[in-house]
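Participant: To be precise about what I am sending: the file is called entry03.cif and holds mmCIF, C-alpha atoms.
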```
data_protein
#
loop_
_atom_site.label_atom_id
_atom_site.label_comp_id
_atom_site.auth_asym_id
_atom_site.auth_seq_id
_atom_site.Cartn_x
_atom_site.Cartn_y
_atom_site.Cartn_z
CA MET A 1 7.72 291.65 -4.16
CA ASP A 2 4.26 290.94 -2.73
CA THR A 3 4.51 288.84 0.45
CA ALA A 4 1.06 287.40 -0.25
CA GLU A 5 2.28 286.02 -3.59
CA PHE A 6 5.30 284.45 -1.88
CA ARG A 7 3.02 282.86 0.73
CA ARG A 8 0.62 281.56 -1.91
CA LEU A 9 3.32 279.73 -3.87
CA TRP A 10 5.13 278.61 -0.71
CA ASP A 11 1.95 277.07 0.66
CA GLU A 12 1.52 275.03 -2.52
CA LEU A 13 4.82 273.26 -1.97
CA ALA A 14 5.02 273.23 1.83
CA PRO A 15 2.76 270.20 2.55
CA ILE A 16 4.82 267.78 0.43
CA GLY A 17 6.84 265.49 2.68
CA ARG A 18 5.90 267.29 5.89
CA ARG A 19 5.70 265.07 8.97
CA PRO A 20 3.90 265.50 12.30
CA GLY A 21 5.87 268.01 14.31
CA GLY A 22 6.79 270.07 11.27
CA GLY A 23 9.89 268.25 10.03
CA TYR A 24 10.30 266.96 6.49
CA LEU A 25 11.18 263.64 4.87
CA ARG A 26 11.92 264.49 1.26
CA TYR A 27 14.40 261.81 0.25
CA SER A 28 15.55 261.47 -3.34
CA TRP A 29 13.47 259.23 -5.62
CA THR A 30 10.74 258.65 -3.02
CA PRO A 31 7.07 259.57 -3.47
CA ALA A 32 7.67 262.92 -1.72
CA ASP A 33 10.52 263.72 -4.09
CA LEU A 34 8.45 262.70 -7.11
CA ALA A 35 5.63 264.97 -5.90
CA CYS A 36 8.11 267.86 -5.68
CA ARG A 37 9.26 267.06 -9.21
CA ASP A 38 5.66 267.13 -10.43
CA TRP A 39 5.20 270.50 -8.73
CA PHE A 40 8.34 271.83 -10.43
CA ARG A 41 7.15 270.69 -13.84
CA ALA A 42 3.71 272.22 -13.28
CA GLN A 43 5.33 275.54 -12.32
CA ALA A 44 7.46 275.49 -15.46
CA GLU A 45 4.57 274.64 -17.74
CA SER A 46 2.24 277.24 -16.19
CA ARG A 47 4.84 279.88 -17.10
CA ALA A 48 5.57 278.45 -20.56
CA LEU A 49 9.12 277.69 -19.47
CA ARG A 50 10.89 274.85 -21.24
CA TYR A 51 11.09 271.86 -18.87
CA GLU A 52 14.03 269.44 -18.92
CA THR A 53 15.55 266.61 -16.88
CA ASP A 54 19.27 266.01 -17.39
CA ARG A 55 21.15 262.73 -17.41
CA ASN A 56 21.66 262.89 -13.61
CA GLY A 57 18.06 263.55 -12.62
CA ASN A 58 18.48 267.30 -12.11
CA LEU A 59 15.51 269.42 -13.26
CA TYR A 60 15.48 272.65 -15.28
CA ALA A 61 12.93 275.25 -16.28
CA TRP A 62 14.28 277.43 -19.11
CA TRP A 63 13.30 281.01 -19.93
CA ASP A 64 14.79 281.30 -23.39
CA PRO A 65 15.49 284.69 -25.04
CA GLU A 66 13.42 285.85 -27.99
CA PRO A 67 15.78 288.27 -29.78
CA GLU A 68 14.54 290.85 -32.23
CA PRO A 69 14.93 289.96 -35.92
CA GLY A 70 18.57 290.29 -36.88
CA GLU A 71 19.78 290.06 -33.26
CA ALA A 72 21.36 287.04 -31.60
CA ALA A 73 20.94 285.96 -28.00
CA GLU A 74 24.03 286.13 -25.84
CA SER A 75 25.67 282.77 -25.21
CA GLY A 76 25.89 281.31 -21.75
CA ALA A 77 22.94 280.78 -19.45
CA ILE A 78 22.34 282.27 -16.01
CA LEU A 79 21.48 279.37 -13.74
CA THR A 80 19.67 279.69 -10.42
CA GLY A 81 17.79 277.33 -8.10
CA SER A 82 18.59 274.88 -5.32
CA HIS A 83 17.22 271.50 -4.16
CA PHE A 84 14.07 269.83 -2.78
CA ASP A 85 15.51 266.97 -0.72
CA SER A 86 15.86 267.19 3.05
CA VAL A 87 17.91 265.75 5.85
CA PRO A 88 15.89 263.40 8.10
CA HIS A 89 13.13 265.51 9.68
CA GLY A 90 14.73 268.68 8.35
CA GLY A 91 13.29 272.16 7.99
CA ALA A 92 11.08 273.54 5.25
CA TYR A 93 13.33 276.26 3.86
CA ASP A 94 16.70 274.59 3.27
CA GLY A 95 16.70 274.15 -0.50
CA PRO A 96 13.07 274.72 -1.53
CA LEU A 97 13.30 278.45 -0.73
CA GLY A 98 15.79 278.85 -3.58
CA ILE A 99 13.48 277.12 -6.06
CA VAL A 100 10.28 278.93 -5.06
CA SER A 101 12.18 282.24 -5.08
CA ALA A 102 13.55 281.56 -8.56
CA PHE A 103 10.08 281.05 -10.06
CA LEU A 104 8.83 284.19 -8.32
CA ALA A 105 11.86 286.17 -9.51
CA VAL A 106 11.02 285.21 -13.09
CA ASP A 107 7.43 286.33 -12.45
CA GLU A 108 8.68 289.65 -11.13
CA LEU A 109 10.95 290.24 -14.12
CA ARG A 110 8.15 289.44 -16.56
CA ALA A 111 5.74 291.73 -14.70
CA ALA A 112 8.30 294.52 -15.09
CA GLY A 113 8.57 293.86 -18.84
CA ALA A 114 12.12 292.50 -18.72
CA GLU A 115 13.34 290.27 -21.55
CA PRO A 116 16.39 288.04 -21.12
CA LYS A 117 19.33 288.42 -23.49
CA ARG A 118 20.78 285.24 -22.07
CA PRO A 119 18.84 282.09 -21.20
CA ILE A 120 17.74 281.92 -17.56
CA ALA A 121 17.35 278.44 -16.10
CA ILE A 122 15.85 277.41 -12.76
CA ALA A 123 17.44 274.21 -11.47
CA ALA A 124 16.43 271.63 -8.87
CA PHE A 125 19.45 269.48 -8.05
CA THR A 126 18.97 265.94 -6.79
CA GLU A 127 20.30 264.42 -3.52
CA GLU A 128 21.94 267.64 -2.31
CA GLU A 129 21.72 266.67 1.35
CA GLY A 130 22.86 263.09 0.90
CA GLY A 131 20.05 262.17 3.28
CA ARG A 132 19.20 258.94 1.50
CA PHE A 133 22.38 257.76 -0.24
CA GLY A 134 25.05 259.38 1.91
CA VAL A 135 26.88 261.55 -0.63
CA PRO A 136 25.91 265.23 -0.52
CA CYS A 137 25.45 267.29 -3.69
CA LEU A 138 25.29 264.06 -5.69
CA GLY A 139 23.46 265.54 -8.70
CA SER A 140 25.93 268.39 -9.14
CA ARG A 141 28.93 266.17 -8.32
CA LEU A 142 27.89 263.73 -11.03
CA MET A 143 27.48 266.59 -13.50
CA ALA A 144 30.94 267.90 -12.64
CA GLY A 145 32.57 264.46 -12.80
CA VAL A 146 33.51 264.50 -9.10
CA VAL A 147 31.63 261.23 -8.44
CA THR A 148 31.83 258.40 -10.94
CA PRO A 149 28.58 256.95 -12.28
CA GLU A 150 29.67 253.49 -11.18
CA ARG A 151 30.05 254.61 -7.59
CA ALA A 152 26.79 256.54 -7.70
CA ARG A 153 24.75 253.62 -9.03
CA SER A 154 26.07 251.36 -6.24
CA LEU A 155 25.32 253.76 -3.36
CA THR A 156 22.79 252.27 -0.94
CA ASP A 157 20.25 253.74 1.44
CA PRO A 158 19.77 252.42 5.01
CA ASP A 159 17.35 249.78 3.68
CA GLY A 160 19.94 248.44 1.23
CA THR A 161 18.28 249.89 -1.88
CA THR A 162 20.83 251.09 -4.41
CA LEU A 163 20.53 254.42 -6.19
CA ALA A 164 20.14 252.53 -9.46
CA GLU A 165 17.23 250.52 -8.06
CA ALA A 166 15.58 253.63 -6.60
CA MET A 167 15.84 255.49 -9.90
CA ARG A 168 14.39 252.60 -11.89
CA ALA A 169 11.51 252.28 -9.41
CA ALA A 170 10.78 255.98 -9.96
CA GLY A 171 10.83 255.58 -13.75
CA ALA A 172 14.30 257.10 -14.29
CA ASP A 173 17.24 255.55 -16.13
CA PRO A 174 20.41 255.16 -14.01
CA SER A 175 22.48 254.15 -17.05
CA THR A 176 22.66 257.79 -18.14
CA LEU A 177 24.39 259.00 -14.96
CA GLY A 178 27.72 260.72 -15.50
CA PRO A 179 29.66 263.89 -16.30
CA ASP A 180 27.91 266.58 -18.32
CA PRO A 181 30.70 268.90 -19.53
CA GLU A 182 28.61 270.39 -22.35
CA ARG A 183 25.97 271.55 -19.89
CA LEU A 184 28.57 273.05 -17.59
CA ALA A 185 30.17 274.84 -20.53
CA SER A 186 26.80 276.36 -21.43
CA VAL A 187 26.47 278.12 -18.04
CA HIS A 188 27.71 281.71 -17.79
CA ALA A 189 27.08 281.99 -14.02
CA PHE A 190 25.19 280.25 -11.21
CA VAL A 191 23.47 282.12 -8.37
CA GLU A 192 21.91 280.06 -5.56
CA LEU A 193 19.54 281.65 -3.05
CA HIS A 194 19.39 279.86 0.30
CA ILE A 195 18.15 280.46 3.80
CA GLU A 196 21.01 281.52 6.07
CA GLN A 197 22.30 278.63 8.19
CA GLY A 198 23.26 280.64 11.23
CA ARG A 199 22.43 284.08 12.65
CA ALA A 200 25.04 286.41 11.14
CA LEU A 201 22.30 288.55 9.53
CA ASP A 202 20.03 288.61 12.57
CA GLY A 203 20.01 291.96 14.33
CA GLY A 204 21.20 293.83 11.26
CA ASP A 205 19.28 295.94 8.78
CA ALA A 206 19.88 293.71 5.74
CA PRO A 207 17.48 290.78 5.11
CA VAL A 208 19.78 289.38 2.39
CA GLY A 209 23.52 288.68 2.46
CA VAL A 210 26.09 287.46 -0.05
CA ALA A 211 28.38 284.47 0.52
CA SER A 212 32.14 284.88 0.48
CA ALA A 213 33.23 281.25 0.85
CA ILE A 214 32.29 277.77 2.06
CA TRP A 215 34.44 276.25 4.79
CA PRO A 216 36.27 273.01 3.93
CA HIS A 217 34.24 270.08 5.23
CA GLY A 218 33.55 266.39 4.88
CA ARG A 219 31.97 263.21 6.18
CA TRP A 220 33.85 260.21 7.54
CA ARG A 221 32.56 256.72 8.32
CA LEU A 222 33.68 255.44 11.72
CA THR A 223 33.68 251.69 12.37
CA PHE A 224 34.14 250.28 15.87
CA THR A 225 34.42 246.47 16.20
CA GLY A 226 34.33 244.20 19.22
CA ALA A 227 32.66 240.97 20.33
CA ALA A 228 28.95 240.38 20.88
CA ASP A 229 28.05 238.84 24.20
CA HIS A 230 25.39 238.70 26.91
CA ALA A 231 24.85 241.91 28.90
CA GLY A 232 23.85 240.01 32.04
CA THR A 233 26.47 237.27 32.23
CA THR A 234 29.71 238.67 30.77
CA ARG A 235 32.08 240.10 33.37
CA LEU A 236 33.23 243.67 32.70
CA PRO A 237 36.94 242.67 32.42
CA ASP A 238 36.02 240.03 29.81
CA ARG A 239 34.17 242.38 27.49
CA ARG A 240 35.33 243.78 24.15
CA ASP A 241 32.63 246.44 23.88
CA PRO A 242 33.00 248.82 20.88
CA MET A 243 30.39 251.14 22.37
CA LEU A 244 33.02 252.44 24.81
CA ALA A 245 35.31 253.75 22.07
CA PHE A 246 32.28 255.13 20.25
CA ALA A 247 31.16 257.06 23.34
CA PHE A 248 34.69 258.37 23.74
CA ALA A 249 34.71 259.40 20.06
CA VAL A 250 31.61 261.58 20.48
CA LEU A 251 33.33 263.54 23.24
CA ALA A 252 36.68 263.57 21.43
CA ALA A 253 35.11 265.08 18.30
CA ARG A 254 33.69 267.95 20.33
CA LYS A 255 36.95 268.53 22.22
CA GLU A 256 39.22 268.48 19.16
CA ALA A 257 36.93 270.89 17.31
CA ARG A 258 36.77 273.26 20.28
CA LEU A 259 40.54 273.30 20.72
CA ALA A 260 41.27 273.81 17.03
CA GLY A 261 38.53 276.35 16.33
CA GLY A 262 36.29 274.34 14.01
CA LEU A 263 33.20 272.15 14.16
CA ALA A 264 32.77 268.38 14.50
CA THR A 265 29.60 266.37 15.00
CA ILE A 266 28.60 262.74 15.31
CA GLY A 267 24.87 262.70 14.67
CA ARG A 268 24.25 259.27 13.17
CA VAL A 269 25.00 255.87 14.66
CA GLU A 270 24.10 252.23 14.00
CA ALA A 271 24.75 249.39 16.45
CA GLU A 272 24.78 245.64 15.78
CA PRO A 273 22.97 243.57 16.93
CA ASN A 274 21.19 246.58 18.45
CA ALA A 275 19.68 244.62 21.34
CA THR A 276 19.09 246.01 24.82
CA ASN A 277 20.49 242.95 26.59
CA ALA A 278 23.48 242.36 24.30
CA ILE A 279 26.98 243.81 24.08
CA ALA A 280 27.42 245.26 20.61
CA ALA A 281 29.62 243.50 18.08
CA LYS A 282 29.94 246.55 15.83
CA VAL A 283 29.12 250.23 15.93
CA THR A 284 29.10 252.37 12.81
CA ALA A 285 28.92 256.15 13.09
CA TRP A 286 29.48 259.16 10.88
CA LEU A 287 31.65 262.18 11.67
CA ASP A 288 30.87 265.55 10.11
CA ALA A 289 33.78 268.00 10.42
CA ARG A 290 34.13 271.60 9.17
CA ALA A 291 36.65 274.37 9.70
CA PRO A 292 37.63 277.85 8.51
CA ASP A 293 40.60 276.42 6.59
CA GLU A 294 42.27 273.14 5.63
CA ALA A 295 44.93 273.33 8.37
CA VAL A 296 42.31 273.53 11.12
CA LEU A 297 40.27 270.72 9.58
CA ASN A 298 43.34 268.49 9.36
CA GLU A 299 44.22 269.32 12.96
CA ILE A 300 40.76 268.21 14.10
CA LEU A 301 40.90 264.98 12.12
CA SER A 302 44.42 263.97 13.13
CA GLY A 303 43.79 264.66 16.81
CA PHE A 304 40.49 262.82 16.70
CA GLU A 305 41.87 259.73 14.93
CA SER A 306 44.89 259.50 17.22
CA LYS A 307 42.93 259.71 20.45
CA VAL A 308 40.08 257.40 19.40
CA SER A 309 42.54 254.80 18.06
CA GLU A 310 44.38 254.88 21.39
CA ARG A 311 41.15 254.41 23.32
CA ALA A 312 40.00 251.51 21.13
CA GLU A 313 43.35 249.79 21.58
CA ARG A 314 43.05 250.07 25.37
CA ASP A 315 39.59 248.49 25.17
CA GLY A 316 40.77 245.66 22.94
CA THR A 317 38.46 246.78 20.14
CA GLY A 318 38.99 247.87 16.54
CA PHE A 319 38.58 251.31 15.00
CA THR A 320 38.79 252.59 11.42
CA ILE A 321 37.95 255.94 9.84
CA GLU A 322 37.21 256.27 6.13
CA PRO A 323 36.26 259.37 4.13
CA GLU A 324 32.90 259.31 2.36
CA SER A 325 33.03 262.85 0.99
CA GLU A 326 35.57 265.65 1.27
CA THR A 327 35.21 269.21 0.02
CA PRO A 328 38.05 271.76 0.10
CA VAL A 329 37.47 275.43 0.84
CA VAL A 330 35.37 277.13 -1.84
CA ASP A 331 35.97 280.81 -2.51
CA PHE A 332 33.11 282.20 -4.57
CA ASP A 333 33.93 284.29 -7.63
CA ALA A 334 35.14 287.59 -6.19
CA ASP A 335 34.05 289.75 -9.12
CA LEU A 336 30.57 288.27 -9.14
CA ARG A 337 30.30 288.45 -5.35
CA ASP A 338 31.30 292.11 -5.23
CA ARG A 339 29.09 292.99 -8.19
CA ILE A 340 26.06 291.47 -6.47
CA ALA A 341 26.83 293.03 -3.08
CA GLU A 342 27.08 296.47 -4.70
CA LEU A 343 23.92 295.88 -6.74
CA LEU A 344 22.06 295.08 -3.50
CA GLY A 345 23.16 298.31 -1.86
CA GLY A 346 26.18 297.03 0.00
CA ALA A 347 24.75 293.73 1.21
CA PRO A 348 26.74 292.02 4.00
CA ILE A 349 29.31 289.47 2.83
CA LEU A 350 29.67 286.40 5.06
CA PRO A 351 31.20 282.90 4.97
CA THR A 352 29.26 279.70 5.60
CA GLY A 353 30.11 276.35 7.10
CA ALA A 354 27.44 274.53 5.07
CA GLY A 355 27.96 272.76 1.76
CA HIS A 356 25.86 273.53 -1.31
CA ASP A 357 25.59 272.66 -5.00
CA ALA A 358 27.01 276.14 -5.55
CA GLY A 359 30.19 274.93 -3.89
CA VAL A 360 30.52 272.10 -6.40
CA LEU A 361 29.78 274.24 -9.45
CA ALA A 362 32.13 277.02 -8.29
CA SER A 363 35.10 275.05 -9.64
CA HIS A 364 33.60 275.17 -13.12
CA VAL A 365 31.54 278.36 -13.53
CA PRO A 366 31.42 281.76 -11.80
CA THR A 367 29.17 281.17 -8.80
CA ALA A 368 27.56 283.24 -6.05
CA MET A 369 25.13 282.69 -3.20
CA LEU A 370 22.47 284.86 -1.58
CA PHE A 371 21.40 284.20 2.01
CA VAL A 372 17.98 285.15 3.41
CA ARG A 373 17.99 286.10 7.09
CA ASN A 374 17.12 283.32 9.53
CA PRO A 375 16.22 284.90 12.90
CA THR A 376 16.41 281.61 14.82
CA GLY A 377 19.70 280.46 13.29
CA VAL A 378 18.23 276.93 13.27
CA SER A 379 18.95 274.74 10.24
CA HIS A 380 18.36 271.07 9.40
CA ALA A 381 15.56 271.02 11.97
CA PRO A 382 11.86 271.98 12.12
CA GLY A 383 12.65 275.30 13.84
CA GLU A 384 14.32 276.63 10.69
CA GLY A 385 12.49 279.61 9.25
CA ALA A 386 12.35 283.10 7.82
CA SER A 387 9.68 285.78 7.73
CA ASP A 388 7.58 286.21 4.61
CA GLU A 389 8.87 289.79 4.40
CA ASP A 390 12.50 288.63 4.33
CA CYS A 391 11.68 285.89 1.82
CA ALA A 392 10.00 288.48 -0.41
CA ALA A 393 13.12 290.62 -0.07
CA GLY A 394 15.14 287.59 -1.16
CA VAL A 395 12.96 287.21 -4.26
CA ALA A 396 13.43 290.89 -5.09
CA ALA A 397 17.20 290.57 -4.63
CA LEU A 398 17.37 287.49 -6.85
CA ALA A 399 15.26 289.21 -9.51
CA ALA A 400 17.64 292.18 -9.46
CA VAL A 401 20.64 289.87 -9.87
CA LEU A 402 19.03 287.94 -12.74
CA ARG A 403 18.11 291.21 -14.45
CA ASP A 404 21.66 292.50 -14.09
CA LEU A 405 23.26 289.29 -15.39
CA ALA A 406 20.80 288.22 -18.08
CA CYS A 407 18.58 291.09 -19.23
#
```
Represent the structure contained in this file as structure tokens.
Facilitator:
Amino acid sequence: MDTAEFRRLWDELAPIGRRPGGGYLRYSWTPADLACRDWFRAQAESRALRYETDRNGNLYAWWDPEPEPGEAAESGAILTGSHFDSVPHGGAYDGPLGIVSAFLAVDELRAAGAEPKRPIAIAAFTEEEGGRFGVPCLGSRLMAGVVTPERARSLTDPDGTTLAEAMRAAGADPSTLGPDPERLASVHAFVELHIEQGRALDGGDAPVGVASAIWPHGRWRLTFTGAADHAGTTRLPDRRDPMLAFAFAVLAARKEARLAGGLATIGRVEAEPNATNAIAAKVTAWLDARAPDEAVLNEILSGFESKVSERAERDGTGFTIEPESETPVVDFDADLRDRIAELLGGAPILPTGAGHDAGVLASHVPTAMLFVRNPTGVSHAPGEGASDEDCAAGVAALAAVLRDLAC
């Protein structure tokens, strides 16, 4: 794979949604997202690939087989791709690398004279990060029936705009949201290429690895309640300040994760009335927790809830914890994983603590993931990156996998 060709196509997409400082704001159904969708459609049409949007707003570019007279194409499509949307001020590669690489892999196969015996489809899933409406992998979860259309339509962003309103403003129809079992049944396998979120590949000889599993993980809404009052006139003993239990919760999340051997993060918080000279009446925060297995995750959550509840009670404040999304451990298809690792010359096999659309689809179709080396290990931040040479190696690896599975 020519690194110059990777850079050319990458540079076409890279400016969309980029902010000063290098981070990205590519939220679902915003102008940046719509520009990415236009780019995707233009890429499909320039390659004479059949373009399609499904009932949940996910995009597809289809390379359909053209069998010889008297022959029939094999049933079941090979699906690849990723997502465009970002976390707030996220990096450039998380998601888009898988889509750019998929188009370039098709180019490489065509240049080599390959013809698919199965349909090959490039997908761009919507709201994978949950950065705008709070539920990650929303497009694939809707397709799989994991999230109901009623719940999805009522999800709101921080400004109070519902998903239904955002879709209508972007010219899409939210009434079509819902399970898509026929589409799932038409997929023979899904392979998602993604930048590595960590540094397991750094220092090794292999620029591309293969995923073994996704750790169980989830997001929980934390609500701390107290009584608003004046910061300059209310005596300390008279206060019911929910910010104290919140501050304790941030430290408790870190401690429980460290003791159990997992990960826990509180990275988002909202205070009311959010005034410098006022005691807060309410603090809302979100806990992200991940672990190598369910037992460790449950240990983190139970220890965290117990200790924060005890602290809130001592302060005379309220505390509740509610799940917003929960994903059990995902073991990728072992036969497909091993087949790909062997095809790529014994590529390293590694787990990941990050969620992906591949994790949702793995319950329905054989699924695998390729990881492109990330020398910094940074993810969900502007420092995320990979060399053009490693990205080109990722394209070549994806092309080899698509050839093996579809051609």
Participant: List the spatial neighbours of range 380-393 of chain A as a PyMOL selection string - criterion: any atom at most 8 Å away, all atoms listed in the file, same-chain residues fewer than 5 positions off excluded.
Facilitator: chain A and resi 1-3+6-7+21-24+86-87+89-94+101+195+207-208+372-375
Participant: At what distance in Å, to one decimal, does CA of Glu322 in chain A lie from CA of Met143 in chain A?
Facilitator: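 Between CA of Met143 in chain A and CA of Glu322 in chain A the gap works out to 24.2 Å.
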Participant: For CA of Asp38 in chain A and CA of Leu13 in chain A, quote the distance in Å rounded to one decimal.
Facilitator: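 It comes out at 10.5 Å.
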Participant: Work out how far CA of Ala281 in chain A is from CA of His230 in chain A, in Å to one decimal.
Facilitator: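 So the two atoms, CA of His230 in chain A and CA of Ala281 in chain A, lie 10.9 Å apart.
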Participant: Where does the PyMOL selection byres ((chain A and resi 142) around 12) land in this file, that is, which residues does it pick, as a count of residues only?
Facilitator: 39
Participant: Report as an MDAnalysis selection string the full result of the PyMOL selection byres ((chain A and resi 250) around 10) when it is applied to this structure.
Facilitator: chainID A and resid 245:249 251:255 264:267 285 287 304 308
Participant: Apply the PyMOL selection byres ((chain A and resi 229) around 6) to the structure shown and report the selected residues as a PyMOL selection string.
Facilitator: chain A and resi 228+230+278-279
Participant: Nearest residue to Met369 in chain A out of A:Phe190, A:Trp215, A:Phe224, A:Trp63, using all atoms listed in the file?
Facilitator: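 Selected residue with least distance to Met369 in chain A: A:Phe190.
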Participant: Considering all atoms listed in the file, return as a VMD selection string whatever protein or nucleic-acid residues lie within 10 Å of Thr161 in chain A, sequence-local ones (same chain, fewer than 5 positions apart) excluded.
Facilitator: chain A and resid 132 to 133 154 to 156 166
Participant: Kindly indicate which residue among A:Ala189, A:Val365, A:Leu59, A:Cys407 lies nearest to Arg41 in chain A, using all atoms listed in the file for the distances.
Facilitator: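 Once distances to Arg41 in chain A are computed over all atoms listed in the file, the minimum belongs to A:Leu59.
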